[in-house]
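Asks: Just passing along the structure, written as structure tokens.
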Number of protein chains: 2
Amino acid sequence: MATPRTYGIGELARQSQVKVETVRYYEQSGLLPNPPRTDGGHRLYTETHLKRLVFIRRCRELGFSMKEIRGLLDLVDGRKYTCGEVRSLTLEHAADVRRKIADLRGLERTLMRIASECEGGAVPKCPIIDVLFDSGTRLTDARR
Amino acid sequence: MATPRTYGIGELARQSQVKVETVRYYEQSGLLPNPPRTDGGHRLYTETHLKRLVFIRRCRELGFSMKEIRGLLDLVDGRKYTCGEVRSLTLEHAADVRRKIADLRGLERTLMRIASECEGGAVPKCPIIDVLFDSGTRLTDARR
DNA sequence: GTAAAAGCTCCAGTTGCTATAGATTCAAGA
DNA sequence: TCTTGAATCTATAGCAACTGGAGCTTTTAC
């Protein structure tokens with residue numbers, strides 16, 4: 001059978017859509033295992049590395065922190081993870097995301113509200129600034 | 001008339017609801033002017049500083065970056081800002097926030113979708129992990 | 001053989017803080 | 001006035017999650 005395919009760091013980066021520097025950074029922070037090296041010291045990756053890196057990239061795209069990803073990978077690496085564990089991490093994260101969305105919605109409402117208070121002309125005085133400077137006004141809701 | 005009221009950094013922090021260290025940080029990064037000092041070197045603030053600091057805190061709560069706040073303060077400091085300028089910065093920022101919300105919504109959808117694919121039992125194998133590892137699957141929409 | 005491309009390490013910078021350590025200063029009570 | 005104890009001072013390092021550069025070596029292609 002054929003020799004398993006290997007990749008230089010550049011090729012790996014291209015395939016995974018992760019920048020070269022970021023690959024090295026992930027290695028340094030322990031998300032990606034140290035690959036073997038050529039005699040000259042260049043990193044040599046395999047399909048396994050590629051898959052893992054894509055996994056990491058996707059998790060990042062889904063907004064998981066590196067810490068959370070480390071958690072997921074630990075589960076996977078231990079090979080003793082259960083579907084329930086993974087699912088609950090995912091749902092927790094989804095709840096975080098929902099909270100963030102709610103916060104941003106409130107934010108947007110406030111921004112639009114204060115923006116609507118001025119006509120935006122060439123007047124050298126702006127109610128937005130006044131609102132932000134004045135101590136009496138309350139901008140946001142309580143929680144936060 | 002009475003001597004204008006002054007505040008130590010701790011009092012200022014309490015009034016503005018910004019931490020002491022953060023106040024010093026804002027000074028260092030040029031958002032807050034260097035206040036006069038006592039003979040011993042302690043900072044002495046006035047009402048003006050307090051107002052400015054509250055302004056900064058509110059902008060941060062509204063999600064403005066320090067750079068954006070610097071922009072707003074520059075306008076204010078120049079005293080030549082127009083309502084239109086401030087309004088347009090605010091609307092731009094609101095657009096950013098909307099984009100962020102849209103991204104997070106997509107994210108949440110994806111998370112819920114993949115979470116729904118497993119029953120969450122004690123099974124030592126999880127479709128979420130599979131989806132994230134498999135190369136064929138597309139998780140997110142194009143734009144991003 | 002040579003030259004360009006790709007890789008190497010190390011380190012600094014980004015944003016918006018937070019948190020020490022160790023020295024000093026200030027305010028209030030005895 | 002002296003003496004605590006709280007507040008403040010500076011300087012520095014750390015967090016996340018990268019990104020970029022300098023200055024070198026290795027690999028690859030012609």
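We name chains A, B, ... following the order of the structure tokens; residues begin at 1 in each chain, and ligands are numbered from 1 as shown.
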Residues of chain B were defined as contacting chain D if any atom lay at most 9 Å from it, counting only C-alpha atoms (C1' of nucleotides); please report them as a list in words.
Replies: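 Here is what falls inside 9 Å: Gly8, Ile9, Gly10, Gly41, His42 and Arg43 of chain B.
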Asks: Please, which residues of chain C lie no more than 9 Å from chain A when the count uses only C-alpha atoms (C1' of nucleotides), and can they be set out as a ChimeraX atom specification?
Replies: /C:6-8
Asks: Starting from chain A, keep only residues with some atom at most 6 Å from an atom of chain B, counting only C-alpha atoms, and report them as a PyMOL selection string.
Replies: chain A and resi 51+55+62+81-84+87+94+101+107-108+115+120-126+132-133
Asks: Mind dumping the selected residues with C-alpha atoms as a PDB file, in the first residue's frame?
Replies:
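What ended up in part-v4.pdb:
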ATOM      1  CA  LYS A  51      -8.846  16.413  10.382  1.00  0.00           C
ATOM      2  CA  PHE A  55     -12.308  20.242  13.738  1.00  0.00           C
ATOM      3  CA  LEU A  62     -19.045  28.030  16.046  1.00  0.00           C
ATOM      4  CA  TYR A  81     -16.769  10.573  25.867  1.00  0.00           C
ATOM      5  CA  THR A  82     -20.468  10.014  25.701  1.00  0.00           C
ATOM      6  CA  CYS A  83     -22.910  11.597  23.367  1.00  0.00           C
ATOM      7  CA  GLY A  84     -24.556  13.204  26.383  1.00  0.00           C
ATOM      8  CA  ARG A  87     -24.360  17.445  23.650  1.00  0.00           C
ATOM      9  CA  ALA A  94     -25.683  27.668  22.580  1.00  0.00           C
ATOM     10  CA  ILE A 101     -27.603  37.869  21.142  1.00  0.00           C
ATOM     11  CA  LEU A 107     -27.618  47.435  22.613  1.00  0.00           C
ATOM     12  CA  GLU A 108     -28.902  47.944  19.148  1.00  0.00           C
ATOM     13  CA  ALA A 115     -29.638  58.081  17.117  1.00  0.00           C
ATOM     14  CA  GLY A 120     -28.158  64.590  12.058  1.00  0.00           C
ATOM     15  CA  GLY A 121     -27.790  68.008  10.541  1.00  0.00           C
ATOM     16  CA  ALA A 122     -24.783  70.296  10.602  1.00  0.00           C
ATOM     17  CA  VAL A 123     -25.763  71.560  14.031  1.00  0.00           C
ATOM     18  CA  PRO A 124     -22.714  71.770  16.296  1.00  0.00           C
ATOM     19  CA  LYS A 125     -24.499  70.150  19.193  1.00  0.00           C
ATOM     20  CA  CYS A 126     -25.793  66.648  19.491  1.00  0.00           C
ATOM     21  CA  LEU A 132     -23.955  60.144  27.146  1.00  0.00           C
ATOM     22  CA  PHE A 133     -22.491  62.961  29.203  1.00  0.00           C
TER      23      PHE A 133
END
Asks: Taking the chain letters and numbering used in this document, name the residues of stretch 20-86 of chain B that DSSP puts in helix (DSSP H, G or I), as a PyMOL selection string.
Replies: chain B and resi 20-28+47-61+66-78+83-86
Asks: Produce a file of the selected residues containing C-alpha atoms, as a PDB file, in the first residue's frame.
Replies:
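Generated file (part14.pdb):
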ATOM      1  CA  VAL B  20      -9.527  52.114  39.839  1.00  0.00           C
ATOM      2  CA  GLU B  21      -7.113  50.182  37.652  1.00  0.00           C
ATOM      3  CA  THR B  22      -9.280  50.836  34.647  1.00  0.00           C
ATOM      4  CA  VAL B  23      -9.275  54.556  35.356  1.00  0.00           C
ATOM      5  CA  ARG B  24      -5.492  54.539  35.336  1.00  0.00           C
ATOM      6  CA  TYR B  25      -5.583  52.450  32.202  1.00  0.00           C
ATOM      7  CA  TYR B  26      -7.826  54.969  30.459  1.00  0.00           C
ATOM      8  CA  GLU B  27      -5.464  57.732  31.457  1.00  0.00           C
ATOM      9  CA  GLN B  28      -2.532  55.790  30.095  1.00  0.00           C
ATOM     10  CA  GLU B  47     -16.398  66.952  38.162  1.00  0.00           C
ATOM     11  CA  THR B  48     -15.229  67.282  34.566  1.00  0.00           C
ATOM     12  CA  HIS B  49     -13.162  64.140  34.813  1.00  0.00           C
ATOM     13  CA  LEU B  50     -16.089  62.330  36.362  1.00  0.00           C
ATOM     14  CA  LYS B  51     -18.415  63.272  33.523  1.00  0.00           C
ATOM     15  CA  ARG B  52     -15.912  62.260  30.930  1.00  0.00           C
ATOM     16  CA  LEU B  53     -15.335  58.946  32.622  1.00  0.00           C
ATOM     17  CA  VAL B  54     -19.045  58.226  32.799  1.00  0.00           C
ATOM     18  CA  PHE B  55     -19.269  59.057  29.119  1.00  0.00           C
ATOM     19  CA  ILE B  56     -16.528  56.548  28.411  1.00  0.00           C
ATOM     20  CA  ARG B  57     -18.134  53.869  30.535  1.00  0.00           C
ATOM     21  CA  ARG B  58     -21.456  54.298  28.794  1.00  0.00           C
ATOM     22  CA  CYS B  59     -19.901  54.136  25.382  1.00  0.00           C
ATOM     23  CA  ARG B  60     -18.172  50.901  26.397  1.00  0.00           C
ATOM     24  CA  GLU B  61     -21.503  49.550  27.587  1.00  0.00           C
ATOM     25  CA  MET B  66     -11.836  52.472  22.626  1.00  0.00           C
ATOM     26  CA  LYS B  67     -10.815  53.649  19.198  1.00  0.00           C
ATOM     27  CA  GLU B  68     -14.368  54.656  18.413  1.00  0.00           C
ATOM     28  CA  ILE B  69     -14.643  56.403  21.745  1.00  0.00           C
ATOM     29  CA  ARG B  70     -11.440  58.230  21.015  1.00  0.00           C
ATOM     30  CA  GLY B  71     -13.115  59.356  17.807  1.00  0.00           C
ATOM     31  CA  LEU B  72     -16.162  60.626  19.631  1.00  0.00           C
ATOM     32  CA  LEU B  73     -14.074  62.371  22.264  1.00  0.00           C
ATOM     33  CA  ASP B  74     -11.918  63.993  19.630  1.00  0.00           C
ATOM     34  CA  LEU B  75     -15.039  65.438  18.093  1.00  0.00           C
ATOM     35  CA  VAL B  76     -16.221  66.673  21.454  1.00  0.00           C
ATOM     36  CA  ASP B  77     -12.835  68.045  22.426  1.00  0.00           C
ATOM     37  CA  GLY B  78     -12.542  69.865  19.143  1.00  0.00           C
ATOM     38  CA  CYS B  83     -24.774  66.298  15.111  1.00  0.00           C
ATOM     39  CA  GLY B  84     -24.441  64.570  11.760  1.00  0.00           C
ATOM     40  CA  GLU B  85     -20.960  63.286  12.495  1.00  0.00           C
ATOM     41  CA  VAL B  86     -21.918  61.811  15.815  1.00  0.00           C
TER      42      VAL B  86
END
Asks: Quote the spacing between atom CA of B:Asn34 and atom C1' of C:DA28 in Å to one decimal place.
Replies: 28.9 Å
Asks: Name the residues of stretch 36-104 of chain B that fall into strand (DSSP E or B) according to DSSP on the backbone, using the chain letters and numbers of this document, as a list of chain:residue names.
Replies: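 DSSP on the backbone gives strand (DSSP E or B) at B:Arg37, B:Arg43, B:Tyr45, B:Thr46.
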Asks: Emit the selected residues as a tab-separated table (two decimals), in the first residue's frame, including C-alpha atoms.
Replies:
chain	number	residue	atom	x	y	z
B	37	ARG	CA	-1.57	65.58	41.57
B	43	ARG	CA	-4.32	61.98	41.42
B	45	TYR	CA	-9.99	64.66	39.88
B	46	THR	CA	-12.80	67.11	39.31
